[in-house]
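One structure is given here, and the rest of the page talks about it.
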Amino acid sequence: MSETHERTVEIVPEAGLHARPAAKFVETANEHDATVRIGEAGADDDNLIDAGSMIAVTSLGVKQGERLRIVAEGEDSEEALDALERVLSTPEGES
């Protein structure tokens, strides 16, 4: 049985979730044995998108200070959330 965990994280990189931070986020999401979906804080499950897709992630247009809901399901779900939270809460240039 796979576990599902979720977390809400505020975006710290100055550029929001665009270009380099988004690429790092997608790469990190794909490194784990978990299905990861994201959406705006408070979004219901039907409005979450695939966190492993660069096009989907950048289409959110998330800016600095906004909050994201991250849901991960699978063996690595908690590790995936920890790693993704580090990406989102680390100012660009410090990661």
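Going through the structure tokens in order, the chains are called A, B, and so on, while each chain numbers its residues from 1 and the ligands are numbered from 1 in the order shown.
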Excluding Ala80 (chain A) and any residue of its chain fewer than 2 positions from it, enumerate the residues within 9 Å of it, using only C-alpha atoms, and give them as an MDAnalysis selection string. chainID A and resid 28:34 36 72 76:78 82:85
So that I have them on file, write out the residues from the current selection with all heavy atoms, as a short mmCIF file (atom, residue, chain, number, x, y, z; two decimals), in the first residue's frame.
data_model
loop_
_atom_site.label_atom_id
_atom_site.label_comp_id
_atom_site.auth_asym_id
_atom_site.auth_seq_id
_atom_site.Cartn_x
_atom_site.Cartn_y
_atom_site.Cartn_z
N THR A 28 13.68 17.39 -9.43
CA THR A 28 13.59 16.81 -8.08
C THR A 28 12.35 15.92 -7.97
O THR A 28 12.42 14.83 -7.40
CB THR A 28 13.56 17.93 -7.03
OG1 THR A 28 14.74 18.72 -7.18
CG2 THR A 28 13.50 17.36 -5.62
N ALA A 29 11.24 16.34 -8.50
CA ALA A 29 10.01 15.53 -8.45
C ALA A 29 10.21 14.20 -9.16
O ALA A 29 9.70 13.16 -8.71
CB ALA A 29 8.85 16.30 -9.08
N ASN A 30 10.97 14.21 -10.25
CA ASN A 30 11.17 12.99 -11.04
C ASN A 30 12.25 12.07 -10.47
O ASN A 30 12.39 10.95 -10.93
CB ASN A 30 11.49 13.35 -12.49
CG ASN A 30 10.27 13.87 -13.22
OD1 ASN A 30 9.16 13.38 -13.02
ND2 ASN A 30 10.45 14.88 -14.05
N GLU A 31 12.99 12.53 -9.48
CA GLU A 31 14.05 11.72 -8.88
C GLU A 31 13.52 10.73 -7.86
O GLU A 31 14.26 9.88 -7.39
CB GLU A 31 15.09 12.62 -8.18
CG GLU A 31 15.96 13.41 -9.13
CD GLU A 31 16.87 14.39 -8.40
OE1 GLU A 31 16.66 14.64 -7.18
OE2 GLU A 31 17.78 14.90 -9.05
N HIS A 32 12.28 10.86 -7.47
CA HIS A 32 11.73 10.04 -6.39
C HIS A 32 10.72 9.02 -6.89
O HIS A 32 10.08 9.22 -7.92
CB HIS A 32 11.09 10.94 -5.33
CG HIS A 32 12.10 11.79 -4.62
ND1 HIS A 32 12.56 12.96 -5.14
CD2 HIS A 32 12.75 11.59 -3.47
CE1 HIS A 32 13.45 13.47 -4.31
NE2 HIS A 32 13.59 12.65 -3.29
N ASP A 33 10.60 7.92 -6.12
CA ASP A 33 9.63 6.89 -6.44
C ASP A 33 8.28 7.30 -5.84
O ASP A 33 7.81 6.73 -4.85
CB ASP A 33 10.10 5.55 -5.87
CG ASP A 33 9.22 4.40 -6.32
OD1 ASP A 33 8.45 4.58 -7.28
OD2 ASP A 33 9.29 3.32 -5.70
N ALA A 34 7.73 8.35 -6.44
CA ALA A 34 6.45 8.87 -5.96
C ALA A 34 5.77 9.62 -7.10
O ALA A 34 6.43 10.18 -7.97
CB ALA A 34 6.66 9.81 -4.77
N VAL A 36 3.86 12.84 -7.87
CA VAL A 36 3.74 14.14 -7.21
C VAL A 36 2.85 15.04 -8.05
O VAL A 36 3.03 15.15 -9.26
CB VAL A 36 5.12 14.80 -7.00
CG1 VAL A 36 4.97 16.12 -6.26
CG2 VAL A 36 6.08 13.86 -6.29
N ALA A 72 2.10 13.99 -2.62
CA ALA A 72 2.96 12.92 -3.12
C ALA A 72 2.42 11.57 -2.67
O ALA A 72 2.03 11.41 -1.51
CB ALA A 72 4.39 13.12 -2.62
N ASP A 76 8.46 6.85 -1.78
CA ASP A 76 9.33 7.99 -1.45
C ASP A 76 8.55 9.27 -1.19
O ASP A 76 9.11 10.36 -1.25
CB ASP A 76 10.25 8.28 -2.65
CG ASP A 76 11.57 7.59 -2.56
OD1 ASP A 76 11.82 6.92 -1.55
OD2 ASP A 76 12.35 7.72 -3.52
N SER A 77 7.29 9.18 -0.89
CA SER A 77 6.46 10.39 -0.84
C SER A 77 6.97 11.43 0.16
O SER A 77 7.03 12.61 -0.15
CB SER A 77 5.01 10.03 -0.56
OG SER A 77 4.89 9.35 0.65
N GLU A 78 7.35 10.99 1.34
CA GLU A 78 7.80 11.96 2.33
C GLU A 78 9.15 12.57 1.95
O GLU A 78 9.36 13.77 2.11
CB GLU A 78 7.88 11.32 3.72
CG GLU A 78 7.27 12.27 4.65
CD GLU A 78 6.91 11.77 6.01
OE1 GLU A 78 6.58 10.59 6.21
OE2 GLU A 78 6.96 12.63 6.87
N ASP A 82 10.05 16.54 1.25
CA ASP A 82 11.17 17.24 1.89
C ASP A 82 12.06 17.91 0.85
O ASP A 82 12.44 19.07 0.99
CB ASP A 82 12.02 16.27 2.73
CG ASP A 82 11.30 15.79 3.98
OD1 ASP A 82 10.30 16.41 4.39
OD2 ASP A 82 11.74 14.76 4.54
N ALA A 83 12.41 17.17 -0.20
CA ALA A 83 13.29 17.70 -1.24
C ALA A 83 12.62 18.84 -2.00
O ALA A 83 13.25 19.87 -2.29
CB ALA A 83 13.69 16.59 -2.20
N LEU A 84 11.34 18.69 -2.32
CA LEU A 84 10.63 19.74 -3.06
C LEU A 84 10.45 20.99 -2.21
O LEU A 84 10.54 22.11 -2.71
CB LEU A 84 9.29 19.21 -3.55
CG LEU A 84 9.42 18.13 -4.63
CD1 LEU A 84 8.09 17.44 -4.87
CD2 LEU A 84 9.98 18.71 -5.91
N GLU A 85 10.23 20.81 -0.93
CA GLU A 85 10.11 21.98 -0.04
C GLU A 85 11.43 22.74 0.00
O GLU A 85 11.43 23.97 0.01
CB GLU A 85 9.69 21.55 1.37
CG GLU A 85 9.49 22.77 2.27
CD GLU A 85 8.90 22.40 3.62
OE1 GLU A 85 8.64 21.21 3.88
OE2 GLU A 85 8.70 23.33 4.43
#
As a PDB file with N, CA and C atoms, in the first residue's frame, please: every residue in chain A that DSSP puts in alpha helix (DSSP H).
ATOM      1  N   ALA A  19      11.383  29.187 -15.088  1.00  0.00           N
ATOM      2  CA  ALA A  19      12.694  28.802 -15.637  1.00  0.00           C
ATOM      3  C   ALA A  19      13.508  27.918 -14.698  1.00  0.00           C
ATOM      4  N   ARG A  20      14.599  28.460 -14.161  1.00  0.00           N
ATOM      5  CA  ARG A  20      15.530  27.629 -13.397  1.00  0.00           C
ATOM      6  C   ARG A  20      14.903  26.983 -12.163  1.00  0.00           C
ATOM      7  N   PRO A  21      14.189  27.724 -11.300  1.00  0.00           N
ATOM      8  CA  PRO A  21      13.563  27.058 -10.146  1.00  0.00           C
ATOM      9  C   PRO A  21      12.559  25.981 -10.584  1.00  0.00           C
ATOM     10  N   ALA A  22      11.826  26.230 -11.635  1.00  0.00           N
ATOM     11  CA  ALA A  22      10.857  25.238 -12.117  1.00  0.00           C
ATOM     12  C   ALA A  22      11.572  23.990 -12.637  1.00  0.00           C
ATOM     13  N   ALA A  23      12.684  24.188 -13.356  1.00  0.00           N
ATOM     14  CA  ALA A  23      13.451  23.047 -13.865  1.00  0.00           C
ATOM     15  C   ALA A  23      13.989  22.205 -12.711  1.00  0.00           C
ATOM     16  N   LYS A  24      14.498  22.873 -11.677  1.00  0.00           N
ATOM     17  CA  LYS A  24      15.017  22.168 -10.504  1.00  0.00           C
ATOM     18  C   LYS A  24      13.872  21.431  -9.793  1.00  0.00           C
ATOM     19  N   PHE A  25      12.716  22.068  -9.704  1.00  0.00           N
ATOM     20  CA  PHE A  25      11.552  21.456  -9.056  1.00  0.00           C
ATOM     21  C   PHE A  25      11.127  20.187  -9.807  1.00  0.00           C
ATOM     22  N   VAL A  26      11.008  20.274 -11.113  1.00  0.00           N
ATOM     23  CA  VAL A  26      10.585  19.126 -11.937  1.00  0.00           C
ATOM     24  C   VAL A  26      11.611  18.000 -11.841  1.00  0.00           C
ATOM     25  N   GLU A  27      12.891  18.358 -11.939  1.00  0.00           N
ATOM     26  CA  GLU A  27      13.960  17.357 -11.831  1.00  0.00           C
ATOM     27  C   GLU A  27      13.878  16.642 -10.487  1.00  0.00           C
ATOM     28  N   THR A  28      13.683  17.391  -9.427  1.00  0.00           N
ATOM     29  CA  THR A  28      13.593  16.807  -8.084  1.00  0.00           C
ATOM     30  C   THR A  28      12.353  15.916  -7.968  1.00  0.00           C
ATOM     31  N   ALA A  29      11.243  16.340  -8.503  1.00  0.00           N
ATOM     32  CA  ALA A  29      10.013  15.533  -8.452  1.00  0.00           C
ATOM     33  C   ALA A  29      10.208  14.201  -9.162  1.00  0.00           C
ATOM     34  N   ASN A  30      10.972  14.215 -10.250  1.00  0.00           N
ATOM     35  CA  ASN A  30      11.169  12.992 -11.040  1.00  0.00           C
ATOM     36  C   ASN A  30      12.249  12.075 -10.473  1.00  0.00           C
ATOM     37  N   MET A  54       7.465  19.894 -16.921  1.00  0.00           N
ATOM     38  CA  MET A  54       7.933  21.285 -16.950  1.00  0.00           C
ATOM     39  C   MET A  54       6.853  22.218 -17.489  1.00  0.00           C
ATOM     40  N   ILE A  55       6.166  21.789 -18.537  1.00  0.00           N
ATOM     41  CA  ILE A  55       5.115  22.629 -19.125  1.00  0.00           C
ATOM     42  C   ILE A  55       3.991  22.857 -18.120  1.00  0.00           C
ATOM     43  N   ALA A  56       3.588  21.793 -17.431  1.00  0.00           N
ATOM     44  CA  ALA A  56       2.504  21.919 -16.451  1.00  0.00           C
ATOM     45  C   ALA A  56       2.921  22.826 -15.298  1.00  0.00           C
ATOM     46  N   VAL A  57       4.149  22.642 -14.807  1.00  0.00           N
ATOM     47  CA  VAL A  57       4.612  23.427 -13.654  1.00  0.00           C
ATOM     48  C   VAL A  57       4.735  24.908 -14.005  1.00  0.00           C
ATOM     49  N   THR A  58       5.341  25.224 -15.147  1.00  0.00           N
ATOM     50  CA  THR A  58       5.491  26.639 -15.499  1.00  0.00           C
ATOM     51  C   THR A  58       4.151  27.280 -15.863  1.00  0.00           C
ATOM     52  N   SER A  59       3.192  26.470 -16.301  1.00  0.00           N
ATOM     53  CA  SER A  59       1.876  27.025 -16.649  1.00  0.00           C
ATOM     54  C   SER A  59       1.119  27.534 -15.430  1.00  0.00           C
ATOM     55  N   SER A  77       7.290   9.178  -0.888  1.00  0.00           N
ATOM     56  CA  SER A  77       6.464  10.388  -0.840  1.00  0.00           C
ATOM     57  C   SER A  77       6.969  11.428   0.162  1.00  0.00           C
ATOM     58  N   GLU A  78       7.354  10.987   1.341  1.00  0.00           N
ATOM     59  CA  GLU A  78       7.803  11.960   2.331  1.00  0.00           C
ATOM     60  C   GLU A  78       9.153  12.568   1.949  1.00  0.00           C
ATOM     61  N   GLU A  79      10.053  11.737   1.420  1.00  0.00           N
ATOM     62  CA  GLU A  79      11.359  12.243   0.985  1.00  0.00           C
ATOM     63  C   GLU A  79      11.181  13.218  -0.173  1.00  0.00           C
ATOM     64  N   ALA A  80      10.257  12.903  -1.053  1.00  0.00           N
ATOM     65  CA  ALA A  80       9.986  13.803  -2.186  1.00  0.00           C
ATOM     66  C   ALA A  80       9.492  15.157  -1.684  1.00  0.00           C
ATOM     67  N   LEU A  81       8.593  15.155  -0.715  1.00  0.00           N
ATOM     68  CA  LEU A  81       8.077  16.417  -0.181  1.00  0.00           C
ATOM     69  C   LEU A  81       9.184  17.219   0.493  1.00  0.00           C
ATOM     70  N   ASP A  82      10.052  16.537   1.246  1.00  0.00           N
ATOM     71  CA  ASP A  82      11.172  17.244   1.893  1.00  0.00           C
ATOM     72  C   ASP A  82      12.059  17.912   0.848  1.00  0.00           C
ATOM     73  N   ALA A  83      12.408  17.171  -0.203  1.00  0.00           N
ATOM     74  CA  ALA A  83      13.292  17.704  -1.245  1.00  0.00           C
ATOM     75  C   ALA A  83      12.617  18.845  -2.001  1.00  0.00           C
ATOM     76  N   LEU A  84      11.342  18.693  -2.315  1.00  0.00           N
ATOM     77  CA  LEU A  84      10.632  19.740  -3.057  1.00  0.00           C
ATOM     78  C   LEU A  84      10.448  20.991  -2.207  1.00  0.00           C
ATOM     79  N   GLU A  85      10.229  20.813  -0.928  1.00  0.00           N
ATOM     80  CA  GLU A  85      10.109  21.976  -0.042  1.00  0.00           C
ATOM     81  C   GLU A  85      11.431  22.741   0.002  1.00  0.00           C
ATOM     82  N   ARG A  86      12.561  22.019   0.002  1.00  0.00           N
ATOM     83  CA  ARG A  86      13.867  22.690  -0.009  1.00  0.00           C
ATOM     84  C   ARG A  86      14.023  23.522  -1.284  1.00  0.00           C
ATOM     85  N   VAL A  87      13.598  22.979  -2.423  1.00  0.00           N
ATOM     86  CA  VAL A  87      13.706  23.717  -3.689  1.00  0.00           C
ATOM     87  C   VAL A  87      12.873  24.996  -3.622  1.00  0.00           C
ATOM     88  N   LEU A  88      11.673  24.888  -3.099  1.00  0.00           N
ATOM     89  CA  LEU A  88      10.755  26.035  -3.088  1.00  0.00           C
ATOM     90  C   LEU A  88      11.078  27.060  -2.009  1.00  0.00           C
ATOM     91  N   SER A  89      11.790  26.647  -0.970  1.00  0.00           N
ATOM     92  CA  SER A  89      12.051  27.567   0.138  1.00  0.00           C
ATOM     93  C   SER A  89      13.492  28.074   0.158  1.00  0.00           C
TER      94      SER A  89
END
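With only C-alpha atoms as the atoms that count, the residue of A:Gly61, A:Glu92, A:Leu68, A:Asp46 with the shortest distance to Leu17 (chain A) is A:Gly61.
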Write out as JSON, numbers by chain the set of residues from region 36-83 of chain A that DSSP, computed on the backbone, places in strand (DSSP E). {"A": [36, 37, 38, 39, 40, 49, 50, 67, 68, 69, 70, 71, 72, 73]}
Distance query Lys63 (chain A) at most 9 Å, only C-alpha atoms, self and fewer than 2 positions along chain excluded, as a ChimeraX atom specification: /A:11-18,61,65-67
Atoms kept (N, CA, C and O atoms) for selection, written as a PDB file, in the first residue's frame:
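Listed below is the output, again15.pdb:
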ATOM      1  N   ILE A  11       6.484  29.977  -1.774  1.00  0.00           N
ATOM      2  CA  ILE A  11       7.552  30.087  -2.765  1.00  0.00           C
ATOM      3  C   ILE A  11       8.517  31.204  -2.364  1.00  0.00           C
ATOM      4  O   ILE A  11       8.113  32.356  -2.225  1.00  0.00           O
ATOM      5  N   VAL A  12       9.804  30.873  -2.234  1.00  0.00           N
ATOM      6  CA  VAL A  12      10.824  31.829  -1.817  1.00  0.00           C
ATOM      7  C   VAL A  12      11.639  32.395  -2.987  1.00  0.00           C
ATOM      8  O   VAL A  12      11.960  33.587  -2.974  1.00  0.00           O
ATOM      9  N   PRO A  13      11.996  31.601  -4.020  1.00  0.00           N
ATOM     10  CA  PRO A  13      12.817  32.175  -5.104  1.00  0.00           C
ATOM     11  C   PRO A  13      12.182  33.449  -5.684  1.00  0.00           C
ATOM     12  O   PRO A  13      10.965  33.491  -5.927  1.00  0.00           O
ATOM     13  N   GLU A  14      13.019  34.465  -5.887  1.00  0.00           N
ATOM     14  CA  GLU A  14      12.553  35.763  -6.342  1.00  0.00           C
ATOM     15  C   GLU A  14      11.763  35.695  -7.649  1.00  0.00           C
ATOM     16  O   GLU A  14      10.803  36.431  -7.843  1.00  0.00           O
ATOM     17  N   ALA A  15      12.175  34.811  -8.547  1.00  0.00           N
ATOM     18  CA  ALA A  15      11.513  34.683  -9.845  1.00  0.00           C
ATOM     19  C   ALA A  15      10.264  33.803  -9.781  1.00  0.00           C
ATOM     20  O   ALA A  15       9.624  33.563 -10.800  1.00  0.00           O
ATOM     21  N   GLY A  16       9.914  33.336  -8.587  1.00  0.00           N
ATOM     22  CA  GLY A  16       8.771  32.432  -8.483  1.00  0.00           C
ATOM     23  C   GLY A  16       9.124  31.070  -9.035  1.00  0.00           C
ATOM     24  O   GLY A  16      10.280  30.656  -8.988  1.00  0.00           O
ATOM     25  N   LEU A  17       8.141  30.389  -9.575  1.00  0.00           N
ATOM     26  CA  LEU A  17       8.391  29.045 -10.113  1.00  0.00           C
ATOM     27  C   LEU A  17       8.491  29.118 -11.634  1.00  0.00           C
ATOM     28  O   LEU A  17       7.693  28.546 -12.365  1.00  0.00           O
ATOM     29  N   HIS A  18       9.499  29.853 -12.111  1.00  0.00           N
ATOM     30  CA  HIS A  18       9.743  30.015 -13.538  1.00  0.00           C
ATOM     31  C   HIS A  18      11.157  29.566 -13.865  1.00  0.00           C
ATOM     32  O   HIS A  18      12.036  29.603 -13.015  1.00  0.00           O
ATOM     33  N   GLY A  61       2.318  29.590 -13.320  1.00  0.00           N
ATOM     34  CA  GLY A  61       2.646  31.014 -13.175  1.00  0.00           C
ATOM     35  C   GLY A  61       2.764  31.453 -11.726  1.00  0.00           C
ATOM     36  O   GLY A  61       2.372  32.560 -11.375  1.00  0.00           O
ATOM     37  N   GLY A  65       6.171  34.298  -2.872  1.00  0.00           N
ATOM     38  CA  GLY A  65       5.216  34.604  -1.809  1.00  0.00           C
ATOM     39  C   GLY A  65       3.910  33.839  -1.916  1.00  0.00           C
ATOM     40  O   GLY A  65       3.150  33.780  -0.957  1.00  0.00           O
ATOM     41  N   GLU A  66       3.625  33.279  -3.077  1.00  0.00           N
ATOM     42  CA  GLU A  66       2.416  32.463  -3.226  1.00  0.00           C
ATOM     43  C   GLU A  66       2.663  31.094  -2.601  1.00  0.00           C
ATOM     44  O   GLU A  66       3.797  30.693  -2.373  1.00  0.00           O
ATOM     45  N   ARG A  67       1.586  30.373  -2.325  1.00  0.00           N
ATOM     46  CA  ARG A  67       1.706  29.077  -1.673  1.00  0.00           C
ATOM     47  C   ARG A  67       1.200  27.975  -2.597  1.00  0.00           C
ATOM     48  O   ARG A  67       0.229  28.162  -3.315  1.00  0.00           O
TER      49      ARG A  67
END
Mind giving me the straight-line distance from CA of Glu10 (chain A) to CA of Gly42 (chain A) in Å, one decimal? 12.6 Å
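When only C-alpha atoms are used to compute distances to Ala43 (chain A), the closest of the residues A:Glu73, A:Thr90, A:Thr8, A:Val62 turns out to be A:Thr8.
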